[in-house]
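Student: Pasting in a structure now, in structure tokens, and then I'll have a few things to ask.
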Amino acid sequence: MAAGLDVANYPQHYDICRQFTETIHKAMEKGTYVVDEKDAVIPEVYAISREAKRLCEEFGVEKIALRTCVTGPLELYLKEIGTTPYQDVLLMFAETVRKFAKNSLLNSKRVKTEV
């Protein structure tokens with residue numbers, strides 16, 4: 001925090017695709033690659049949101065400036081499906097990534113996603 005970065009981007013410490021594909025695999029059990037809006041949450045974003053008050057108090061800041069890394073639908077598609085083109089499946093991956101991105105945009109009393 002003293003360096004001016006409240007929350008570091010985390011994919012360097014975690015497989016960025018896995019944080020999406022774990023949720024996608026659950027959706028696949030229902031026969032789709034599109035995850036439910038309520039399930040499209042990056043674990044670190046959820047944890048920071050829940051602990052925001054404590055973190056702000058601990059580090060003496062009013063608001064946490066958050067940056068979130070989101071992978072693209074093509075990267076997920078290539079990892080999960082391969083190189084055979086199925087436009088409908090790629091569009092489902094795109095819809096899923098859109099939901100994750102939307103749910104990562106926070107603007108609360110204690111956390112704001114910065115660009």
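Please note that chains go A, B, ... in the order of the structure tokens, that every chain numbers its residues from 1, and that ligands are numbered from 1 in the order shown.
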Could you give me the residues within range 12-102 of chain A that DSSP places in alpha helix (DSSP H), as a short mmCIF file (atom, residue, chain, number, x, y, z; two decimals) with C-alpha atoms, in the first residue's frame?
Tutor:
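Listed below is the output, out-v3.cif:
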data_model
loop_
_atom_site.label_atom_id
_atom_site.label_comp_id
_atom_site.auth_asym_id
_atom_site.auth_seq_id
_atom_site.Cartn_x
_atom_site.Cartn_y
_atom_site.Cartn_z
CA ARG A 18 -8.61 -21.74 -13.85
CA GLN A 19 -10.47 -19.08 -11.89
CA PHE A 20 -12.93 -18.96 -14.81
CA THR A 21 -12.94 -22.59 -15.93
CA GLU A 22 -13.78 -23.92 -12.47
CA THR A 23 -17.07 -22.03 -12.65
CA ILE A 24 -17.59 -22.89 -16.32
CA HIS A 25 -17.21 -26.60 -15.52
CA LYS A 26 -20.09 -26.29 -13.04
CA ALA A 27 -22.22 -24.66 -15.74
CA MET A 28 -21.29 -27.45 -18.15
CA PRO A 43 -12.58 -15.36 -5.85
CA GLU A 44 -10.14 -12.57 -4.97
CA VAL A 45 -12.66 -9.86 -5.83
CA TYR A 46 -15.20 -11.55 -3.56
CA ALA A 47 -12.69 -11.82 -0.71
CA ILE A 48 -11.57 -8.20 -1.01
CA SER A 49 -15.17 -7.01 -1.13
CA ARG A 50 -16.07 -8.95 2.02
CA ALA A 52 -12.87 -4.25 2.64
CA LYS A 53 -13.71 -2.56 5.94
CA ARG A 54 -11.05 -4.49 7.86
CA LEU A 55 -8.44 -3.95 5.12
CA CYS A 56 -9.10 -0.21 4.98
CA GLU A 57 -8.74 0.05 8.74
CA GLU A 58 -5.61 -2.10 8.76
CA PHE A 59 -3.86 -0.06 6.07
CA PRO A 73 -13.12 -15.68 -24.30
CA LEU A 74 -10.73 -16.85 -27.01
CA GLU A 75 -8.09 -17.86 -24.46
CA LEU A 76 -10.66 -19.83 -22.49
CA TYR A 77 -12.05 -21.40 -25.67
CA LEU A 78 -8.61 -22.54 -26.85
CA LYS A 79 -7.81 -23.98 -23.43
CA GLU A 80 -11.12 -25.82 -23.03
CA GLN A 87 -19.04 -20.03 -33.12
CA ASP A 88 -21.93 -20.74 -30.75
CA VAL A 89 -19.57 -22.07 -28.08
CA LEU A 90 -17.20 -19.10 -28.46
CA LEU A 91 -20.16 -16.75 -28.03
CA MET A 92 -21.10 -18.58 -24.82
CA PHE A 93 -17.56 -18.09 -23.52
CA ALA A 94 -17.83 -14.39 -24.44
CA GLU A 95 -21.08 -14.06 -22.48
CA THR A 96 -19.50 -15.76 -19.48
CA VAL A 97 -16.45 -13.45 -19.56
CA ARG A 98 -18.80 -10.45 -19.80
CA LYS A 99 -20.52 -11.57 -16.61
CA PHE A 100 -17.21 -12.00 -14.77
CA ALA A 101 -16.05 -8.55 -15.92
CA LYS A 102 -19.33 -6.92 -14.91
#
Student: One number please: CA of Ile42 in chain A to CA of Arg110 in chain A, in Å, one decimal.
Tutor: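 Going from CA of Ile42 in chain A over to CA of Arg110 in chain A covers 17.8 Å.
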